[in-house]
file input12.txt (compact mmCIF, C-alpha atoms)
# COMPACT_ATOMS: atom_id res chain seq x y z
CA MET A 1043 -8.26 -12.43 -22.75
CA ILE A 1044 -9.63 -11.97 -19.21
CA LYS A 1045 -13.25 -10.76 -19.27
CA VAL A 1046 -14.19 -8.50 -16.34
CA LEU A 1047 -17.51 -7.20 -15.02
CA ILE A 1048 -17.44 -4.16 -12.71
CA ALA A 1049 -20.19 -3.57 -10.13
CA ASP A 1050 -20.20 -0.18 -8.36
CA ASP A 1051 -23.03 2.26 -7.70
CA ILE A 1052 -20.93 5.35 -8.55
CA PRO A 1053 -20.68 5.86 -12.33
CA ILE A 1054 -17.37 7.71 -12.28
CA LEU A 1055 -15.76 4.88 -10.28
CA ARG A 1056 -17.09 2.26 -12.70
CA GLN A 1057 -15.68 4.19 -15.62
CA GLY A 1058 -12.39 4.84 -13.84
CA LEU A 1059 -11.87 1.18 -12.99
CA SER A 1060 -12.75 0.22 -16.54
CA ALA A 1061 -10.15 2.64 -17.92
CA ILE A 1062 -7.50 1.33 -15.52
CA LEU A 1063 -8.10 -2.33 -16.36
CA GLN A 1064 -8.20 -1.81 -20.11
CA GLN A 1065 -4.72 -0.32 -20.02
CA ASP A 1066 -3.70 -3.97 -20.01
CA SER A 1067 -4.06 -5.66 -23.40
CA GLY A 1068 -4.96 -8.95 -21.73
CA ILE A 1069 -8.08 -7.58 -19.98
CA GLU A 1070 -11.45 -6.68 -21.48
CA VAL A 1071 -14.20 -5.00 -19.44
CA VAL A 1072 -17.38 -6.60 -20.78
CA GLY A 1073 -19.98 -4.97 -18.54
CA LEU A 1074 -20.81 -2.41 -15.85
CA ALA A 1075 -23.40 -2.87 -13.09
CA SER A 1076 -24.80 -0.48 -10.49
CA ASP A 1077 -25.90 -2.98 -7.81
CA GLY A 1078 -25.74 -6.64 -6.80
CA ASP A 1079 -28.85 -7.68 -8.69
CA GLU A 1080 -27.66 -6.17 -11.97
CA ALA A 1081 -24.24 -7.74 -11.42
CA PHE A 1082 -25.89 -11.15 -11.03
CA ARG A 1083 -27.99 -10.67 -14.17
CA LEU A 1084 -25.05 -9.50 -16.28
CA ALA A 1085 -22.85 -12.29 -14.94
CA GLY A 1086 -25.36 -14.77 -16.39
CA GLU A 1087 -25.53 -12.96 -19.73
CA LEU A 1088 -21.85 -12.09 -20.20
CA ARG A 1089 -20.10 -14.89 -18.27
CA PRO A 1090 -17.06 -12.84 -17.22
CA ASP A 1091 -13.99 -14.49 -15.77
CA VAL A 1092 -13.79 -12.00 -12.89
CA VAL A 1093 -16.32 -9.69 -11.23
CA LEU A 1094 -15.04 -6.64 -9.34
CA MET A 1095 -17.78 -6.04 -6.77
CA ASP A 1096 -18.31 -3.06 -4.49
CA MET A 1097 -19.60 -4.10 -1.06
CA ARG A 1098 -22.11 -1.39 -0.16
CA MET A 1099 -24.53 -0.35 -2.89
CA PRO A 1100 -28.12 0.94 -2.77
CA GLY A 1101 -30.78 -1.66 -3.48
CA THR A 1102 -29.02 -5.02 -3.58
CA ASP A 1103 -25.51 -4.88 -2.17
CA GLY A 1104 -22.27 -6.69 -2.91
CA GLU A 1105 -22.91 -9.46 -0.41
CA TYR A 1106 -26.13 -10.41 -2.23
CA GLY A 1107 -24.52 -10.13 -5.67
CA THR A 1108 -21.53 -12.22 -4.65
CA ARG A 1109 -23.64 -14.95 -3.07
CA LYS A 1110 -25.99 -15.21 -6.06
CA ILE A 1111 -23.15 -15.29 -8.59
CA LYS A 1112 -21.18 -17.93 -6.70
CA GLU A 1113 -24.28 -20.09 -6.19
CA SER A 1114 -25.24 -20.02 -9.89
CA TYR A 1115 -21.84 -19.61 -11.58
CA PRO A 1116 -19.16 -20.94 -9.20
CA GLU A 1117 -16.54 -20.75 -11.95
CA ILE A 1118 -16.78 -16.94 -12.00
CA ARG A 1119 -14.26 -15.32 -9.67
CA VAL A 1120 -15.59 -12.49 -7.50
CA LEU A 1121 -13.25 -9.89 -6.03
CA ILE A 1122 -14.65 -7.41 -3.53
CA LEU A 1123 -13.19 -3.97 -4.18
CA THR A 1124 -14.40 -1.52 -1.54
CA THR A 1125 -13.51 1.31 0.83
CA PHE A 1126 -14.69 -0.64 3.90
CA ASP A 1127 -12.14 -2.77 5.75
CA ASP A 1128 -14.17 -3.54 8.90
CA GLU A 1129 -14.44 -7.14 10.04
CA GLU A 1130 -18.22 -7.30 9.59
CA ASN A 1131 -18.09 -6.52 5.88
CA ILE A 1132 -15.07 -8.75 5.31
CA LEU A 1133 -16.76 -11.75 6.91
CA LYS A 1134 -20.02 -11.06 5.06
CA ALA A 1135 -18.12 -11.12 1.79
CA MET A 1136 -16.34 -14.33 2.69
CA SER A 1137 -19.55 -16.04 3.76
CA GLY A 1138 -20.99 -15.13 0.37
CA GLY A 1139 -18.13 -16.94 -1.36
CA ALA A 1140 -15.92 -14.02 -2.44
CA ASP A 1141 -12.55 -15.04 -3.88
CA GLY A 1142 -10.81 -11.91 -2.64
CA TYR A 1143 -11.23 -8.68 -0.68
CA LEU A 1144 -9.32 -5.56 -1.63
CA LEU A 1145 -9.45 -1.85 -0.85
CA LYS A 1146 -9.95 0.88 -3.45
CA GLU A 1147 -6.84 2.67 -2.22
CA MET A 1148 -4.71 0.22 -4.22
CA ASP A 1149 -2.60 1.57 -7.05
CA ASN A 1150 -3.49 0.80 -10.67
CA GLU A 1151 -0.90 -1.94 -11.14
CA THR A 1152 -2.09 -3.78 -8.03
CA VAL A 1153 -5.69 -3.72 -9.27
CA ILE A 1154 -4.59 -5.19 -12.61
CA SER A 1155 -2.37 -7.84 -11.04
CA SER A 1156 -5.14 -8.80 -8.58
CA VAL A 1157 -7.57 -9.41 -11.45
CA LYS A 1158 -4.98 -11.58 -13.20
CA MET A 1159 -4.32 -13.56 -10.03
CA ALA A 1160 -8.04 -14.13 -9.48
CA ALA A 1161 -8.51 -15.25 -13.08
CA ALA A 1162 -5.68 -17.73 -12.56
CA GLY A 1163 -7.57 -19.29 -9.66
CA MET A 1164 -5.78 -17.62 -6.76
CA SER A 1165 -7.45 -16.00 -3.77
CA VAL A 1166 -6.48 -12.36 -3.30
CA PHE A 1167 -6.78 -10.70 0.09
CA GLY A 1168 -5.43 -7.45 1.51
CA SER A 1169 -3.82 -7.45 4.95
CA SER A 1170 -6.99 -6.35 6.80
CA ALA A 1171 -9.05 -9.11 5.21
CA ALA A 1172 -6.38 -11.72 5.90
CA GLY A 1173 -6.32 -10.68 9.57
CA ALA A 1174 -10.10 -10.94 9.91
CA ILE A 1175 -10.15 -14.37 8.26
CA HIS A 1176 -7.41 -15.62 10.58
CA LYS A 1177 -9.33 -14.34 13.61
CA ARG A 1178 -12.52 -16.03 12.40
CA PHE A 1179 -10.66 -19.28 11.83
CA VAL A 1180 -9.20 -19.25 15.34
CA ASN A 1181 -12.56 -18.39 16.91
CA SER A 1182 -14.33 -21.07 14.92
CA ALA A 1183 -11.75 -23.66 15.95
CA VAL A 1184 -12.32 -22.81 19.62
CA LYS A 1185 -16.12 -22.91 19.23
CA LYS A 1186 -16.12 -26.24 17.46
CA GLN A 1187 -14.27 -27.85 20.35
CA ASP A 1188 -17.21 -27.03 22.65
CA ILE A 1189 -20.26 -26.58 20.40
CA PRO A 1190 -21.28 -29.59 18.25
CA LEU A 1191 -22.84 -27.47 15.50
CA THR A 1192 -21.90 -26.83 11.90
CA ASP A 1193 -21.32 -23.30 10.58
CA ARG A 1194 -24.77 -23.35 8.93
CA GLU A 1195 -26.41 -24.50 12.16
CA LEU A 1196 -24.61 -21.75 14.07
CA ASP A 1197 -25.97 -19.16 11.63
CA ILE A 1198 -29.49 -20.54 12.05
CA ILE A 1199 -29.41 -20.76 15.84
CA ARG A 1200 -28.17 -17.15 16.05
CA LEU A 1201 -31.16 -16.00 14.00
CA ILE A 1202 -33.53 -18.10 16.12
CA ALA A 1203 -32.16 -16.34 19.20
CA GLU A 1204 -32.91 -13.01 17.52
CA GLY A 1205 -36.55 -14.02 17.02
CA PHE A 1206 -36.57 -14.80 13.29
CA ASP A 1207 -39.06 -17.41 12.02
CA ASN A 1208 -38.18 -20.08 9.45
CA ARG A 1209 -39.28 -17.99 6.47
CA GLU A 1210 -37.20 -15.02 7.62
CA ILE A 1211 -34.18 -17.25 8.32
CA SER A 1212 -34.41 -18.78 4.85
CA ALA A 1213 -34.43 -15.28 3.32
CA GLN A 1214 -31.50 -14.10 5.46
CA LEU A 1215 -29.31 -17.12 4.65
CA PHE A 1216 -30.54 -17.78 1.08
CA LEU A 1217 -31.74 -21.27 2.03
CA ALA A 1218 -34.95 -23.17 1.31
CA GLU A 1219 -37.38 -23.27 4.23
CA GLY A 1220 -37.18 -27.05 4.16
CA THR A 1221 -33.41 -26.84 4.65
CA VAL A 1222 -33.91 -24.54 7.63
CA ARG A 1223 -36.44 -26.94 9.17
CA ASN A 1224 -34.12 -29.92 8.65
CA ASN A 1225 -31.21 -28.10 10.30
CA ILE A 1226 -33.38 -27.13 13.27
CA SER A 1227 -34.46 -30.77 13.70
CA LYS A 1228 -30.81 -31.88 13.62
CA MET A 1229 -29.85 -29.28 16.23
CA LEU A 1230 -32.67 -30.33 18.53
CA GLU A 1231 -31.49 -33.93 18.27
CA LYS A 1232 -27.80 -33.07 18.75
CA LEU A 1233 -28.39 -30.82 21.74
CA LYS A 1234 -31.22 -32.93 23.20
CA LEU A 1235 -33.60 -29.98 23.27
CA LYS A 1236 -37.37 -29.88 22.75
CA ASP A 1237 -38.16 -26.77 20.73
CA ARG A 1238 -36.84 -23.54 19.19
CA THR A 1239 -37.34 -21.64 22.44
CA GLN A 1240 -34.82 -23.94 24.10
CA LEU A 1241 -32.53 -23.45 21.11
CA ALA A 1242 -32.70 -19.69 21.65
CA VAL A 1243 -31.88 -20.09 25.34
CA TYR A 1244 -28.98 -22.40 24.44
CA ALA A 1245 -27.61 -19.83 22.00
CA ILE A 1246 -27.73 -17.04 24.58
CA LYS A 1247 -26.19 -19.14 27.36
CA ASN A 1248 -23.32 -20.20 25.08
CA ASN A 1249 -22.68 -16.70 23.71
CA LEU A 1250 -23.72 -17.70 20.21
CA ALA A 1251 -26.23 -14.86 19.79
CA ARG A 1252 -24.92 -11.71 18.17
call {"tool": "encode", "arguments": {"input": "input12.txt", "output": "structure tokens"}}
result
Amino acid sequence: MIKVLIADDIPILRQGLSAILQQDSGIEVVGLASDGDEAFRLAGELRPDVVLMDMRMPGTDGEYGTRKIKESYPEIRVLILTTFDDEENILKAMSGGADGYLLKEMDNETVISSVKMAAAGMSVFGSSAAGAIHKRFVNSAVKKQDIPLTDRELDIIRLIAEGFDNREISAQLFLAEGTVRNNISKMLEKLKLKDRTQLAVYAIKNNLAR
């Protein structure tokens, strides 16, 4: 039996998805959540096999819920099921560790089959998500040829360029402040720079700032 947790801020959509999934005798909906924080809490209590997570929800959103679940319970599969297919949301979901990204316009059978595929350990992406991931992969490959920074360091240097301090960066990226400081020290050494101001200038000159 595949245990599923549904996270969506609209009650009728939660109930509708639950009814669709439980048409299949091999799926049991074990919980319903209204935001990312509740999804994380219920994931710990109920230990579902798959979480269907909406991306945009009031309070704590799907990006937060996905990241927290995957950090604490990496064995739980998280599928984003949303109406938004823009690249920004897709890449946010992927950076949080989502195992799939699907649109709510799917028919009932596709929703059911996607949950089964995720439970079996497969990644499940719609065409728009697959295109965004491919684009990100190509762009990252080009960047890494010229910029000697890891993905985490790139995230940190972008936030430095935007004026965030270490505490704010740690909150944005869900990292310990000590980890942020260590990464900054490594970047300064790699790039032969003196301080975070020079890091910000480097980011802007190399088109790393958002």
call {"tool": "axis_aligned_box", "arguments": {"input": "input12.txt", "around": "region 1217-1227 of chain A", "padding_each_side": "8 Å", "output": "lines of an AutoDock Vina configuration file"}}
result
center_x = -34.3
center_y = -26.0
center_z = 7.5
size_x = 22.2
size_y = 25.5
size_z = 28.4
call {"tool": "closest_residue", "arguments": {"input": "input12.txt", "among": "A:Ile1226, A:Lys1236, A:Arg1200, A:Leu1217", "to": "Leu1250 (chain A)", "atoms": "all atoms listed in the file"}}
result
A:Arg1200
call {"tool": "atom_distance", "arguments": {"input": "input12.txt", "atom1": "CA of Gly1139 (chain A)", "atom2": "CA of Thr1108 (chain A)"}}
result
6.7 Å
call {"tool": "closest_atom_pairs", "arguments": {"input": "input12.txt", "of": "region 1088-1185 of chain A", "to": "region 1043-1063 of chain A", "cutoff": "8 Å", "atoms": "all atoms listed in the file", "output": "JSON lines"}}
result
{"residue": "A:Pro1090", "atom": "CA", "partner": "A:Lys1045", "partner_atom": "CA", "distance": 4.8}
{"residue": "A:Asp1091", "atom": "CA", "partner": "A:Lys1045", "partner_atom": "CA", "distance": 5.2}
{"residue": "A:Val1092", "atom": "CA", "partner": "A:Val1046", "partner_atom": "CA", "distance": 4.9}
{"residue": "A:Val1093", "atom": "CA", "partner": "A:Leu1047", "partner_atom": "CA", "distance": 4.7}
{"residue": "A:Leu1094", "atom": "CA", "partner": "A:Ile1048", "partner_atom": "CA", "distance": 4.8}
{"residue": "A:Met1095", "atom": "CA", "partner": "A:Ala1049", "partner_atom": "CA", "distance": 4.8}
{"residue": "A:Asp1096", "atom": "CA", "partner": "A:Asp1050", "partner_atom": "CA", "distance": 5.2}
{"residue": "A:Met1099", "atom": "CA", "partner": "A:Asp1051", "partner_atom": "CA", "distance": 5.7}
{"residue": "A:Pro1100", "atom": "CA", "partner": "A:Asp1051", "partner_atom": "CA", "distance": 7.2}
{"residue": "A:Asn1150", "atom": "CA", "partner": "A:Ile1062", "partner_atom": "CA", "distance": 6.3}
{"residue": "A:Val1153", "atom": "CA", "partner": "A:Leu1063", "partner_atom": "CA", "distance": 7.6}
{"residue": "A:Ile1154", "atom": "CA", "partner": "A:Leu1063", "partner_atom": "CA", "distance": 5.9}
{"residue": "A:Lys1158", "atom": "CA", "partner": "A:Ile1044", "partner_atom": "CA", "distance": 7.6}
{"residue": "A:Ala1161", "atom": "CA", "partner": "A:Ile1044", "partner_atom": "CA", "distance": 7.0}
call {"tool": "closest_residue", "arguments": {"input": "input12.txt", "among": "A:Leu1088, A:Ile1189, A:Ile1132, A:Ala1203", "to": "Glu1070 (chain A)", "atoms": "all atoms listed in the file"}}
result
A:Leu1088
call {"tool": "atom_distance", "arguments": {"input": "input12.txt", "atom1": "CA of Thr1125 (chain A)", "atom2": "CA of Glu1147 (chain A)"}}
result
7.5 Å
call {"tool": "residues_around", "arguments": {"input": "input12.txt", "residues": "region 1229-1232 of chain A", "least_positions_apart": "3", "cutoff": "10 Å", "atoms": "only C-alpha atoms", "output": "list of chain:residue names"}}
result
A:Pro1190, A:Leu1191, A:Thr1192, A:Glu1195, A:Leu1196, A:Ile1198, A:Ile1199, A:Arg1223, A:Asn1224, A:Asn1225, A:Ile1226, A:Leu1235, A:Lys1236, A:Asp1237, A:Arg1238, A:Gln1240, A:Leu1241
call {"tool": "residues_around", "arguments": {"input": "input12.txt", "residues": "Glu1087 (chain A)", "least_positions_apart": "3", "cutoff": "12 Å", "atoms": "all atoms listed in the file", "output": "MDAnalysis selection string"}}
result
chainID A and resid 1047 1072:1073 1080:1084 1090 1111 1115
call {"tool": "atom_distance", "arguments": {"input": "input12.txt", "atom1": "CA of Glu1113 (chain A)", "atom2": "CA of Gly1138 (chain A)"}}
result
8.9 Å
call {"tool": "closest_residue", "arguments": {"input": "input12.txt", "among": "A:Glu1151, A:Ala1245, A:Ser1165, A:Lys1228", "to": "Ile1202 (chain A)", "atoms": "only C-alpha atoms"}}
result
A:Ala1245
call {"tool": "closest_residue", "arguments": {"input": "input12.txt", "among": "A:Phe1126, A:Gly1086, A:Ile1069, A:Gly1205", "to": "Ser1156 (chain A)", "atoms": "only C-alpha atoms"}}
result
A:Ile1069
call {"tool": "closest_residue", "arguments": {"input": "input12.txt", "among": "A:Asp1103, A:Glu1117, A:Glu1204, A:Asp1149", "to": "Gly1163 (chain A)", "atoms": "all atoms listed in the file"}}
result
A:Glu1117
call {"tool": "closest_residue", "arguments": {"input": "input12.txt", "among": "A:Ala1162, A:Ile1118, A:Val1157, A:Met1097", "to": "Glu1130 (chain A)", "atoms": "all atoms listed in the file"}}
result
A:Met1097
